Amino acid sequence: MKTELRKTLGFYSCFSVAVGLVVASSTLVSLGQGMGLAGGGFVIAMASGWILQLFSAQSYAELACMMPHAGGLRSYTKVALGSLPAMAAVILAYIIPNLFAAPAELAVAGSVITETFTPGIPPVLWGGLLLAILTITNVIGVDIFAKLQIVFTMTMMISMALLGIIGLTGIGTLPAPVIPDQPFNPMGMGVFGLTALAIWLYIGIEFVTPMAQEAKQPEKNIPKAMIYGLLAIFFVNLVYGYASLKFVPAEQLTNSNHPHVDMALAMLGRPGMIWIAVVSIFASASTINTVIGVVPRMLYGMAVSRELPRVFRLIHPRFQTPWVGILFMAGAMSVTYFGGISEAPNLIIYILAACCSWLFSYVIAHIDVLILRRRYPNQRRPYKTPFYPIPQIIGSLGMVYAIINIAPVPEMESIIFRLVGVMIACTLVYVIFWLRFVIKEPMFKPMNMQEAQEEWGLVEKELYKNGIPATFVIAPGSRATSSATTI
């Protein structure tokens, strides 16, 4: 089978992927709760998060265009820092966070279905049913949502923008309730402590970078897709967030697990509630679908590279899917979903725990750029970060600040850091054990560029041999990693 990927993806394809990755129901929860906590001042945190993600996009664009055939963050970091940071970065950024963020999506979907369509039926049942259906369809290879995810994503973006504009203009809305006036920014300088909450609105924008090998003029289209994607997301969230403040009391926004539905109900009544509920359910479904369908393919690739047990390389003889990885992810998500997230009074705790884990990967990406610039100064870089190294330095410091101030209110701090501590501890125990005693590789010895390219050439051949496309292009509408492309 031919292993060369054709450069067929233009700017709009890259833009659709970049935007689609970020849009999910959990982002609307963080948006509503941020607006509830800081009022209109949340735009300051949104702008801070936007700038930090713009800097992250610069680093990812440079790395992706320099190493378009490599395996994403894991390969960049393996060349810059060695095996332990590379494995830990991937697990902490793309695997473990989805064990919290994806079940949070299930909880939002279950809650929305119950409140909108089936009062009296426990939300946990709907979330569990959705997880079961998507697990089965991915094992047998029936990816219904993959063909519609771009439609769902753009529908959600357009719906949010329209609802926000309708709410701000008051055209066709119910009378706005009398809500006591509050200062523009009641939190003062404390609003910067909500930066991590705001970053969740943009997390995943970098997942367009694995498309560098298939994109036309990647040095132009990849950075542009991320920049314009960030602008579009900022605008949509801004208008929807401010419309929410007009129709929903701040306290309700802060404490609700589905503030976006509360806003549509208050503004347009039941038709508005049904409108945003349907869009939200499909967004959650496509997110879960991508997690279950794509992360197992990452596990497969890591197993091929001897970074996970060989069992993850097993392919279903009939359906040609990595069924072990699919069942593993579904089972792990079930544990966190039925173990507490589905009944959690405040889903934002789990969203922020996932966000905190994810932020480490951005710091590592910035460090990768700094190290590789010094170690390989003459390496071809089709895209170079403007004003280097300012974005890398400020971006790293900003992400560290966001991690330290991850909790929007003091009461959440200990729970969030406890969850993150468990994630980091489990990751390091596994990685150190695996490198030291199983494959016996150096933990911090960087791989040279040529070795990295040769390794990923072998991985791609193995992937193709088993019928699994070699690159992982993120399917729109998710916070997962990527979905496999067709050749």
# chains A, B, ... in the order shown; residues from 1 in each chain; ligands from 1
>>> select_by_dssp(residues="stretch 256-458 of chain A", states="alpha helix (DSSP H)", output="PyMOL selection string")
chain A and resi 259-268+270-304+323-338+348-375+390-404+410-433+449-458
>>> residues_around(residues="A:Gly110", least_positions_apart="6", cutoff="12 Å", atoms="only C-alpha atoms", output="NGL selection string")
:A and (25 or 103-104 or 116-131 or 257-258 or 277-278 or 280-282 or 284-285 or 337 or 341-343)
>>> residues_around(residues="stretch 245-253 of chain A", least_positions_apart="2", cutoff="7 Å", atoms="only C-alpha atoms", output="ChimeraX atom specification")
/A:32-33,36-37,176-177,179,241-243,255-256,259,263,266-267
>>> write_last_selection(atoms="N, CA, C and O atoms", output="CSV table (one decimal), in the first residue's frame")
chain,number,residue,atom,x,y,z
A,32,GLY,N,-20.0,29.7,30.7
A,32,GLY,CA,-21.1,30.1,31.6
A,32,GLY,C,-20.6,30.4,33.0
A,32,GLY,O,-20.9,31.4,33.6
A,33,GLN,N,-19.8,29.4,33.5
A,33,GLN,CA,-19.4,29.6,34.9
A,33,GLN,C,-18.4,30.7,35.0
A,33,GLN,O,-18.3,31.4,36.1
A,36,GLY,N,-20.4,33.8,35.1
A,36,GLY,CA,-21.1,33.9,36.4
A,36,GLY,C,-20.1,34.4,37.5
A,36,GLY,O,-20.5,35.2,38.3
A,37,LEU,N,-18.9,34.0,37.5
A,37,LEU,CA,-17.9,34.3,38.5
A,37,LEU,C,-17.4,35.8,38.3
A,37,LEU,O,-17.3,36.5,39.3
A,176,ALA,N,-36.4,40.2,28.9
A,176,ALA,CA,-35.3,39.9,29.8
A,176,ALA,C,-35.6,40.1,31.2
A,176,ALA,O,-36.3,41.1,31.6
A,177,PRO,N,-35.3,39.1,32.1
A,177,PRO,CA,-35.6,39.3,33.5
A,177,PRO,C,-34.8,40.4,34.1
A,177,PRO,O,-33.8,40.9,33.6
A,179,ILE,N,-32.3,41.7,36.3
A,179,ILE,CA,-31.1,41.1,37.0
A,179,ILE,C,-30.4,42.3,37.6
A,179,ILE,O,-30.1,43.3,36.9
A,241,GLY,N,-21.5,34.7,25.7
A,241,GLY,CA,-21.3,34.9,27.1
A,241,GLY,C,-22.0,36.2,27.6
A,241,GLY,O,-22.7,36.2,28.6
A,242,TYR,N,-21.9,37.3,26.8
A,242,TYR,CA,-22.5,38.5,27.2
A,242,TYR,C,-24.1,38.4,27.2
A,242,TYR,O,-24.8,39.0,28.0
A,243,ALA,N,-24.6,37.7,26.2
A,243,ALA,CA,-26.0,37.5,26.1
A,243,ALA,C,-26.5,36.7,27.3
A,243,ALA,O,-27.6,36.9,27.9
A,255,ASN,N,-23.3,28.1,39.1
A,255,ASN,CA,-23.6,26.8,39.7
A,255,ASN,C,-24.2,25.8,38.8
A,255,ASN,O,-24.5,24.6,39.2
A,256,SER,N,-24.5,26.2,37.5
A,256,SER,CA,-25.2,25.2,36.6
A,256,SER,C,-24.2,24.3,35.9
A,256,SER,O,-23.1,24.8,35.5
A,259,PRO,N,-25.1,25.8,31.7
A,259,PRO,CA,-25.5,27.2,31.6
A,259,PRO,C,-25.9,27.6,30.2
A,259,PRO,O,-26.7,28.5,30.1
A,263,MET,N,-29.4,29.6,29.4
A,263,MET,CA,-29.5,30.9,28.7
A,263,MET,C,-30.5,30.8,27.5
A,263,MET,O,-31.3,31.7,27.4
A,266,ALA,N,-34.1,30.8,28.9
A,266,ALA,CA,-34.5,32.2,29.4
A,266,ALA,C,-34.7,33.1,28.2
A,266,ALA,O,-35.6,34.0,28.3
A,267,MET,N,-34.0,33.0,27.2
A,267,MET,CA,-34.1,33.9,26.1
A,267,MET,C,-35.3,33.6,25.1
A,267,MET,O,-36.0,34.6,24.7
>>> residues_around(residues="stretch 368-374 of chain A", least_positions_apart="4", cutoff="7 Å", atoms="only C-alpha atoms", output="PyMOL selection string")
chain A and resi 59+63+76-77+80+364
>>> write_last_selection(atoms="all heavy atoms", output="mmCIF file, in the first residue's frame")
data_model
loop_
_atom_site.group_PDB
_atom_site.id
_atom_site.type_symbol
_atom_site.label_atom_id
_atom_site.label_comp_id
_atom_site.auth_asym_id
_atom_site.auth_seq_id
_atom_site.Cartn_x
_atom_site.Cartn_y
_atom_site.Cartn_z
ATOM 1 N N SER A 59 4.383 27.848 18.579
ATOM 2 C CA SER A 59 5.357 26.782 18.835
ATOM 3 C C SER A 59 4.973 25.497 18.120
ATOM 4 O O SER A 59 5.819 24.838 17.504
ATOM 5 C CB SER A 59 5.488 26.534 20.349
ATOM 6 O OG SER A 59 6.202 27.575 20.977
ATOM 7 N N LEU A 63 7.127 23.507 15.131
ATOM 8 C CA LEU A 63 7.531 22.110 15.300
ATOM 9 C C LEU A 63 6.933 21.225 14.213
ATOM 10 O O LEU A 63 7.609 20.355 13.657
ATOM 11 C CB LEU A 63 7.093 21.615 16.685
ATOM 12 C CG LEU A 63 7.816 22.248 17.881
ATOM 13 C CD1 LEU A 63 7.087 21.901 19.176
ATOM 14 C CD2 LEU A 63 9.269 21.791 17.951
ATOM 15 N N TYR A 76 8.603 15.369 18.798
ATOM 16 C CA TYR A 76 9.333 16.614 19.041
ATOM 17 C C TYR A 76 10.094 16.521 20.370
ATOM 18 O O TYR A 76 11.259 16.886 20.466
ATOM 19 C CB TYR A 76 8.390 17.824 19.121
ATOM 20 C CG TYR A 76 7.330 17.917 18.063
ATOM 21 C CD1 TYR A 76 6.086 18.473 18.371
ATOM 22 C CD2 TYR A 76 7.546 17.475 16.761
ATOM 23 C CE1 TYR A 76 5.092 18.588 17.415
ATOM 24 C CE2 TYR A 76 6.558 17.583 15.795
ATOM 25 C CZ TYR A 76 5.328 18.136 16.133
ATOM 26 O OH TYR A 76 4.338 18.236 15.189
ATOM 27 N N THR A 77 9.382 16.044 21.391
ATOM 28 C CA THR A 77 9.955 16.017 22.736
ATOM 29 C C THR A 77 11.026 14.954 22.860
ATOM 30 O O THR A 77 12.002 15.127 23.600
ATOM 31 C CB THR A 77 8.847 15.777 23.771
ATOM 32 O OG1 THR A 77 7.795 16.725 23.565
ATOM 33 C CG2 THR A 77 9.375 15.940 25.188
ATOM 34 N N ALA A 80 14.046 16.548 21.613
ATOM 35 C CA ALA A 80 14.502 17.680 22.435
ATOM 36 C C ALA A 80 14.910 17.263 23.844
ATOM 37 O O ALA A 80 15.936 17.720 24.360
ATOM 38 C CB ALA A 80 13.396 18.737 22.516
ATOM 39 N N ILE A 364 5.850 22.117 27.584
ATOM 40 C CA ILE A 364 6.845 21.244 26.962
ATOM 41 C C ILE A 364 7.053 21.621 25.491
ATOM 42 O O ILE A 364 8.184 21.623 24.989
ATOM 43 C CB ILE A 364 6.421 19.771 27.109
ATOM 44 C CG1 ILE A 364 6.546 19.358 28.575
ATOM 45 C CG2 ILE A 364 7.269 18.857 26.228
ATOM 46 C CD1 ILE A 364 6.053 17.968 28.873
#
>>> residues_around(residues="stretch 412-427 of chain A", least_positions_apart="4", cutoff="8 Å", atoms="only C-alpha atoms", output="PDB file with C-alpha atoms, in the first residue's frame")
ATOM      1  CA  ALA A  88       4.811  11.671  29.974  1.00  0.00           C
ATOM      2  CA  ILE A  91      -0.055  10.600  28.407  1.00  0.00           C
ATOM      3  CA  LEU A  92      -0.684  13.738  30.468  1.00  0.00           C
ATOM      4  CA  ILE A  96      -5.431  10.930  30.944  1.00  0.00           C
ATOM      5  CA  ILE A 349     -13.760  20.627  38.849  1.00  0.00           C
ATOM      6  CA  TYR A 350     -13.143  17.714  36.481  1.00  0.00           C
ATOM      7  CA  LEU A 352     -10.201  22.064  35.211  1.00  0.00           C
ATOM      8  CA  ALA A 353      -8.315  18.970  36.361  1.00  0.00           C
ATOM      9  CA  ALA A 354      -8.156  17.847  32.736  1.00  0.00           C
ATOM     10  CA  CYS A 356      -4.352  21.514  34.227  1.00  0.00           C
ATOM     11  CA  SER A 357      -2.917  18.227  32.980  1.00  0.00           C
ATOM     12  CA  ILE A 406      -6.132  26.633  38.210  1.00  0.00           C
ATOM     13  CA  ALA A 407      -8.917  26.907  40.807  1.00  0.00           C
ATOM     14  CA  PRO A 408     -11.427  29.732  40.155  1.00  0.00           C
ATOM     15  CA  VAL A 431       6.818   5.713  32.414  1.00  0.00           C
TER      16      VAL A 431
END
>>> closest_atom_pairs(of="stretch 22-90 of chain A", to="stretch 287-296 of chain A", cutoff="10 Å", atoms="only C-alpha atoms", output="JSON lines")
{"residue": "A:Val22", "atom": "CA", "partner": "A:Thr287", "partner_atom": "CA", "distance": 9.7}
{"residue": "A:Val23", "atom": "CA", "partner": "A:Thr287", "partner_atom": "CA", "distance": 8.9}
{"residue": "A:Ala24", "atom": "CA", "partner": "A:Thr287", "partner_atom": "CA", "distance": 6.8}
{"residue": "A:Ser25", "atom": "CA", "partner": "A:Thr287", "partner_atom": "CA", "distance": 8.9}
>>> write_last_selection(atoms="all heavy atoms", output="compact mmCIF listing (two decimals), in the first residue's frame")
# COMPACT_ATOMS: atom_id res chain seq x y z
N VAL A 22 -12.09 22.35 19.11
CA VAL A 22 -12.25 23.10 20.35
C VAL A 22 -13.70 23.11 20.83
O VAL A 22 -13.97 23.17 22.03
CB VAL A 22 -11.73 24.54 20.16
CG1 VAL A 22 -11.86 25.34 21.44
CG2 VAL A 22 -10.28 24.52 19.70
N VAL A 23 -14.63 23.07 19.90
CA VAL A 23 -16.04 23.23 20.26
C VAL A 23 -16.57 21.96 20.91
O VAL A 23 -16.56 20.90 20.30
CB VAL A 23 -16.89 23.59 19.03
CG1 VAL A 23 -18.35 23.70 19.41
CG2 VAL A 23 -16.40 24.89 18.42
N ALA A 24 -17.03 22.06 22.12
CA ALA A 24 -17.62 20.93 22.83
C ALA A 24 -18.53 21.50 23.91
O ALA A 24 -18.45 22.68 24.27
CB ALA A 24 -16.54 20.05 23.45
N SER A 25 -19.42 20.67 24.43
CA SER A 25 -20.35 21.14 25.45
C SER A 25 -19.61 21.62 26.70
O SER A 25 -20.06 22.56 27.38
CB SER A 25 -21.33 20.03 25.81
OG SER A 25 -22.17 19.73 24.72
>>> closest_residue(among="A:Met443, A:Glu411, A:Ala283, A:Cys65", to="A:Thr155", atoms="only C-alpha atoms")
A:Ala283
>>> atom_distance(atom1="atom CA of A:Arg310", atom2="atom CA of A:Trp323")
13.0 Å
>>> residues_around(residues="A:Leu84", least_positions_apart="2", cutoff="12 Å", atoms="only C-alpha atoms", output="number ranges by chain")
A: 74-75, 77-82, 86-92, 307, 427-436, 440-447
>>> write_last_selection(atoms="N, CA and C atoms", output="compact mmCIF listing (two decimals), in the first residue's frame")
# COMPACT_ATOMS: atom_id res chain seq x y z
N ARG A 74 5.05 13.85 20.89
CA ARG A 74 5.94 12.80 21.40
C ARG A 74 7.27 12.81 20.65
N SER A 75 7.24 12.95 19.33
CA SER A 75 8.48 12.94 18.55
C SER A 75 9.29 14.21 18.77
N THR A 77 9.38 16.04 21.39
CA THR A 77 9.95 16.02 22.74
C THR A 77 11.03 14.95 22.86
N LYS A 78 10.87 13.85 22.14
CA LYS A 78 11.89 12.80 22.18
C LYS A 78 13.20 13.32 21.63
N VAL A 79 13.14 14.16 20.61
CA VAL A 79 14.34 14.74 20.02
C VAL A 79 14.91 15.84 20.93
N ALA A 80 14.05 16.55 21.61
CA ALA A 80 14.50 17.68 22.43
C ALA A 80 14.91 17.26 23.84
N LEU A 81 14.13 16.39 24.49
CA LEU A 81 14.31 16.13 25.91
C LEU A 81 14.53 14.67 26.28
N GLY A 82 14.18 13.75 25.39
CA GLY A 82 14.36 12.34 25.72
C GLY A 82 13.04 11.61 25.91
N ALA A 86 8.91 12.76 26.80
CA ALA A 86 8.06 12.56 25.61
C ALA A 86 6.86 11.70 25.94
N MET A 87 7.09 10.56 26.59
CA MET A 87 5.97 9.68 26.95
C MET A 87 5.05 10.36 27.94
N ALA A 88 5.64 11.01 28.95
CA ALA A 88 4.81 11.67 29.97
C ALA A 88 3.96 12.78 29.36
N ALA A 89 4.52 13.53 28.40
CA ALA A 89 3.78 14.63 27.78
C ALA A 89 2.55 14.11 27.06
N VAL A 90 2.71 13.02 26.30
CA VAL A 90 1.58 12.49 25.54
C VAL A 90 0.51 11.94 26.47
N ILE A 91 0.92 11.20 27.50
CA ILE A 91 -0.06 10.60 28.41
C ILE A 91 -0.80 11.68 29.18
N LEU A 92 -0.06 12.68 29.67
CA LEU A 92 -0.68 13.74 30.47
C LEU A 92 -1.52 14.68 29.62
N GLU A 307 6.21 1.51 23.57
CA GLU A 307 5.98 2.37 24.73
C GLU A 307 4.76 1.94 25.53
N THR A 427 1.27 8.59 35.95
CA THR A 427 2.02 8.69 34.69
C THR A 427 3.50 8.43 34.90
N LEU A 428 4.10 9.10 35.89
CA LEU A 428 5.53 8.95 36.13
C LEU A 428 5.89 7.54 36.58
N VAL A 429 5.06 6.95 37.43
CA VAL A 429 5.32 5.57 37.88
C VAL A 429 5.35 4.64 36.68
N TYR A 430 4.36 4.77 35.81
CA TYR A 430 4.32 3.89 34.63
C TYR A 430 5.51 4.13 33.72
N VAL A 431 5.76 5.40 33.38
CA VAL A 431 6.82 5.71 32.41
C VAL A 431 8.18 5.28 32.93
N ILE A 432 8.48 5.58 34.19
CA ILE A 432 9.79 5.20 34.76
C ILE A 432 9.93 3.68 34.79
N PHE A 433 8.89 2.99 35.24
CA PHE A 433 8.95 1.52 35.29
C PHE A 433 9.16 0.95 33.89
N TRP A 434 8.40 1.47 32.92
CA TRP A 434 8.45 0.92 31.57
C TRP A 434 9.82 1.15 30.92
N LEU A 435 10.36 2.35 31.05
CA LEU A 435 11.65 2.66 30.45
C LEU A 435 12.80 1.95 31.17
N ARG A 436 12.70 1.86 32.48
CA ARG A 436 13.82 1.31 33.27
C ARG A 436 13.86 -0.21 33.23
N LYS A 440 14.12 -0.79 28.76
CA LYS A 440 15.48 -0.46 29.17
C LYS A 440 16.12 0.59 28.26
N GLU A 441 15.41 1.69 28.12
CA GLU A 441 15.91 2.82 27.34
C GLU A 441 16.32 3.96 28.27
N PRO A 442 17.28 4.79 27.86
CA PRO A 442 17.62 5.97 28.67
C PRO A 442 16.41 6.90 28.80
N MET A 443 16.27 7.50 29.96
CA MET A 443 15.09 8.32 30.20
C MET A 443 15.22 9.73 29.65
N PHE A 444 16.44 10.27 29.65
CA PHE A 444 16.61 11.67 29.27
C PHE A 444 17.62 11.86 28.15
N LYS A 445 17.91 10.80 27.40
CA LYS A 445 18.84 10.92 26.28
C LYS A 445 18.06 11.30 25.02
N PRO A 446 18.25 12.50 24.49
CA PRO A 446 17.50 12.91 23.30
C PRO A 446 17.85 12.04 22.09
N MET A 447 16.87 11.76 21.29
CA MET A 447 17.08 11.04 20.03
C MET A 447 17.46 12.07 18.97
>>> closest_residue(among="A:Gly229, A:Gly204, A:Pro382, A:Pro97", to="A:Ala61", atoms="only C-alpha atoms")
A:Pro382
>>> closest_residue(among="A:Pro223, A:Pro317, A:Pro410, A:Pro218", to="A:Met67", atoms="only C-alpha atoms")
A:Pro218
